[in-house]
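Worksheet: one structure, shown below.
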Amino acid sequence: MSNFDRRDFVKVTGGLGVAGLTGLAGCSGGPSGDGGGSETTTTSGETSDGETTTEAEAAANIGLVYGTGGTGDGSFNDQAKQGIEQAVEELDIAYQSAEPDEVSQFSNYQQQFASSTDPNYDLVSCIGYLQADALSESASQYPDQQFQIVDSTVEGDNVASYVFQEHEGSFLTGVLAGHLTTMSFEAGAGATQSDSTNVGFVGGVEGDLIGKFEAGYKAGVKYANDDVDIQTSYVGSFNDPSGGQEAALAMYNSGADIVYHASGNTGTGVFQAAQQKGRFAIGVDRDQSLTKPSYADVILASMVKRVDTAVYNCVKNVVNENFNGGSTTTLGLQDGGVACVYGDELGGDIPEDVKTAVADARQSIIDGDIDVPTDPNDA
């Protein structure tokens, strides 16, 4: 990422549609229709010795379809971008990316990359579980194309699936929140309310995956203190900051000290609400105290999910001709796939006994002494 500004970077925006991607990528087949107001990005990598890698010279050509909300979310998509940029720098690959606005556009972009002949993409990486249904169809229609999906499992010998144990990392954030809400705690721009033991969870789109975040968080809160009240709200979008703000404000107004979000760019609104009410928030996917620095004074921690590792490792396997199609790779606490990372500004203010409780819970999960639920109804 540090060398990103030195790379050749071309962005085409505004009503580009599928036809625009076809012309840019040199595709010769695939579906027709309007892809909406999405973006495509062509990136030719600059190697460590400063020489530019073209598509023709690349060790591999990668097509990357981001999740809705696109890059700049400071969360899930940006973590994927970090992984592909690492691959550009270290593996001398070239890539082109698309940023769909709607779920309905996933199939178009997946298949446009798969049908391209100039270049011929060695891998089409699909970011986010919402792409699973479209990819099931695309993978069957293009059996010779290698695909990756991050955050879901799609059956097929030509699909490498990567999933995470989000419930484990979320459990640790719950332990953190469950302890702090019972204390008189003040740091940065936030403070707990002395007369309340109450926390919240804001999700993006309700479903099994985000349910794992909710389940782990709730279980962690209850593990820390069974008397803490937990509020939950789903906004219905991963790209609705105003909706996230509204949901979090309702929670803070109802006594919540800390709100954990698993909602992509919607979570920006959660941070805004935390600042507005002088409370705390917990980020997701990346260390959001760094990716959203203007809110660092209210971000206690983030549940980091190494989407970058999943993207990079799959690309590396393709470059090494070791594509792991037909398999599902699971990344959890033990192998660093998920983690609770304290905020850059507030981490030093969190009491050591609380950090010890979080660390002990982490080890107990790894040792098998704590079984973290994946269903909120079981938390």
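Ordering of the structure tokens sets the chain letters (A, B, ...); residue numbers start at 1 within each chain; ligands are numbered from 1 in the order shown.
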
Please extract the residues of region 171-311 of chain A with a backbone DSSP assignment of alpha helix (DSSP H) and present them as a CSV table (one decimal) with C-alpha atoms, in the first residue's frame.
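Output file out-v8.csv is given in full below:
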```csv
chain,number,residue,atom,x,y,z
A,171,PHE,CA,-16.6,-12.7,21.4
A,172,LEU,CA,-13.4,-10.8,22.4
A,173,THR,CA,-15.0,-7.4,21.6
A,174,GLY,CA,-18.0,-8.5,23.7
A,175,VAL,CA,-15.8,-9.3,26.6
A,176,LEU,CA,-14.2,-5.9,26.3
A,177,ALA,CA,-17.6,-4.1,26.1
A,178,GLY,CA,-19.1,-6.2,28.8
A,179,HIS,CA,-16.4,-5.2,31.3
A,180,LEU,CA,-16.1,-1.5,30.4
A,208,ASP,CA,-26.1,-16.1,8.8
A,209,LEU,CA,-22.8,-14.3,8.3
A,210,ILE,CA,-23.5,-11.1,10.2
A,211,GLY,CA,-25.4,-13.2,12.7
A,212,LYS,CA,-22.0,-14.8,13.6
A,213,PHE,CA,-20.7,-11.3,14.5
A,214,GLU,CA,-23.8,-10.7,16.6
A,215,ALA,CA,-23.7,-14.1,18.3
A,216,GLY,CA,-20.1,-13.9,19.2
A,217,TYR,CA,-20.4,-10.4,20.6
A,218,LYS,CA,-23.5,-11.2,22.7
A,219,ALA,CA,-21.8,-14.3,24.1
A,220,GLY,CA,-18.7,-12.3,25.0
A,221,VAL,CA,-20.7,-9.6,26.7
A,222,LYS,CA,-22.6,-12.2,28.8
A,223,TYR,CA,-19.4,-14.0,29.5
A,224,ALA,CA,-18.0,-10.8,31.0
A,241,PRO,CA,-24.0,5.8,7.1
A,242,SER,CA,-27.1,7.8,7.9
A,243,GLY,CA,-28.9,4.6,8.8
A,244,GLY,CA,-26.0,3.5,10.9
A,245,GLN,CA,-26.0,6.8,12.7
A,246,GLU,CA,-29.7,6.7,13.3
A,247,ALA,CA,-29.6,3.1,14.7
A,248,ALA,CA,-26.6,3.9,17.0
A,249,LEU,CA,-28.1,7.2,18.3
A,250,ALA,CA,-31.2,5.2,19.3
A,251,MET,CA,-29.0,2.8,21.3
A,252,TYR,CA,-27.0,5.5,22.9
A,253,ASN,CA,-30.2,7.4,23.8
A,267,GLY,CA,-20.5,1.8,10.4
A,268,THR,CA,-19.2,5.3,9.7
A,269,GLY,CA,-22.6,6.5,11.0
A,270,VAL,CA,-22.1,4.5,14.2
A,271,PHE,CA,-18.8,6.4,14.8
A,272,GLN,CA,-20.5,9.7,14.1
A,273,ALA,CA,-23.2,8.9,16.6
A,274,ALA,CA,-20.6,7.9,19.2
A,275,GLN,CA,-18.9,11.3,18.9
A,276,GLN,CA,-22.2,13.1,18.9
A,277,LYS,CA,-23.3,11.4,22.2
A,288,GLN,CA,-10.8,1.5,12.0
A,289,SER,CA,-9.0,3.8,14.4
A,290,LEU,CA,-6.4,4.0,11.7
A,291,THR,CA,-8.7,3.8,8.6
A,307,VAL,CA,-9.5,-10.4,4.2
A,308,ASP,CA,-6.2,-9.2,2.8
A,309,THR,CA,-4.6,-12.4,3.8
A,310,ALA,CA,-7.3,-14.4,2.0
A,311,VAL,CA,-6.9,-12.5,-1.2
```

**Message:** Please identify the strand (DSSP E) residues within region 67-281 of chain A (assignment by DSSP from backbone atoms) and present them as an MDAnalysis selection string.
**Reply:** chainID A and resid 94:99 123:127 147:150 159:164 186:187 190:191 198:203 229:234 258:262 280:281

**Item:** Atomic distance CA of Glu168 (chain A) - CA of Val205 (chain A), expressed in Å with one decimal
**Value:** 19.7 Å

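Of note, CA of Ala60 (chain A) and CA of Asp122 (chain A) are spaced 6.0 Å apart.
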
**Asked** To one decimal place, how far is CA of Gln141 (chain A) from CA of Gln111 (chain A) in Å?
**Response**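 Calculated distance between CA of Gln141 (chain A) and CA of Gln111 (chain A) is 8.6 Å.
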
**Prompt:** What lies within 10 Å of Ser254 (chain A) using only C-alpha atoms, ignoring chain neighbours under 6 positions off, as a list in words?
**Reply:** Ser196, Asn198, Val199, Gly200, Gln231 and Ala248 of chain A

Neighbour list for Lys292 (chain A) as a PDB file with C-alpha atoms, in the first residue's frame, cut-off 12 Å, only C-alpha atoms, skip fewer than 4 positions in-chain:
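Wrote result.pdb, looks like this:
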```pdb
ATOM      1  CA  GLY A  72     -12.973   3.750   0.633  1.00  0.00           C
ATOM      2  CA  ASP A  73     -15.134   2.050   3.258  1.00  0.00           C
ATOM      3  CA  GLY A  74     -12.177   1.816   5.659  1.00  0.00           C
ATOM      4  CA  SER A  75     -13.349  -1.732   6.265  1.00  0.00           C
ATOM      5  CA  ASP A  78     -10.342  -1.746   1.651  1.00  0.00           C
ATOM      6  CA  ASN A 265     -19.498   1.745   5.437  1.00  0.00           C
ATOM      7  CA  GLY A 267     -20.544   1.800  10.446  1.00  0.00           C
ATOM      8  CA  THR A 268     -19.229   5.283   9.669  1.00  0.00           C
ATOM      9  CA  GLY A 269     -22.564   6.506  10.971  1.00  0.00           C
ATOM     10  CA  VAL A 270     -22.067   4.525  14.180  1.00  0.00           C
ATOM     11  CA  PHE A 271     -18.811   6.391  14.785  1.00  0.00           C
ATOM     12  CA  GLN A 272     -20.524   9.694  14.073  1.00  0.00           C
ATOM     13  CA  ILE A 282     -16.003  -0.827  18.182  1.00  0.00           C
ATOM     14  CA  GLY A 283     -14.990  -1.175  14.537  1.00  0.00           C
ATOM     15  CA  VAL A 284     -14.760  -4.149  12.212  1.00  0.00           C
ATOM     16  CA  ARG A 286      -9.705  -3.386   9.754  1.00  0.00           C
ATOM     17  CA  ASP A 287      -8.255  -1.293  12.574  1.00  0.00           C
ATOM     18  CA  GLN A 288     -10.753   1.472  12.039  1.00  0.00           C
ATOM     19  CA  ALA A 296     -10.203   7.483  16.637  1.00  0.00           C
ATOM     20  CA  ASP A 297     -11.184   9.336  19.817  1.00  0.00           C
ATOM     21  CA  VAL A 298     -14.263   7.069  20.229  1.00  0.00           C
ATOM     22  CA  ILE A 299     -13.058   3.757  18.736  1.00  0.00           C
ATOM     23  CA  SER A 302     -11.773  -3.254  16.078  1.00  0.00           C
ATOM     24  CA  GLY A 343      -7.703   1.513  19.125  1.00  0.00           C
ATOM     25  CA  ASP A 344      -4.645   3.546  18.265  1.00  0.00           C
ATOM     26  CA  GLU A 345      -5.735   6.493  20.420  1.00  0.00           C
TER      27      GLU A 345
END
```

**Message:** Need to verify the contact set: Val159 (chain A), 7 Å, only C-alpha atoms, exclusion of same-chain residues closer than 4 positions in sequence. Can you return it as an MDAnalysis selection string?
**Reply:** chainID A and resid 146:148 154:155 325:326

Counting only C-alpha atoms, what are the residues of region 226-273 of chain A within 12 Å of region 84-101 of chain A, and for each of them which pair of atoms is the nearest and at what distance in Å, to one decimal? Sort the table by chain and rising number, as CSV.
```
residue,atom,partner,partner_atom,distance
A:Ser237,CA,A:Asp101,CA,11.5
A:Phe238,CA,A:Asp101,CA,10.9
A:Asn239,CA,A:Asp101,CA,9.5
```

**For Ser104 (chain A), the nearest of the candidates A:Ser294, A:Ser140, A:Asn225, A:Gln131, counting only C-alpha atoms** =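 Between A:Ser294, A:Ser140, A:Asn225, A:Gln131, the residue approaching Ser104 (chain A) most closely is A:Gln131.
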
**Request:** Excluding Thr232 (chain A) and any residue of its chain fewer than 2 positions from it, enumerate the residues within 8 Å of it, using only C-alpha atoms, and give them as a ChimeraX atom specification.
**Result:** /A:200-203,230,234

**Item:** Among listed residues A:Gly264, A:Asn320, A:Leu130, A:Gly156, nearest Thr71 (chain A) (using only C-alpha atoms)
**Value:**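 Among A:Gly264, A:Asn320, A:Leu130, A:Gly156, it is A:Gly264 that comes nearest to Thr71 (chain A).
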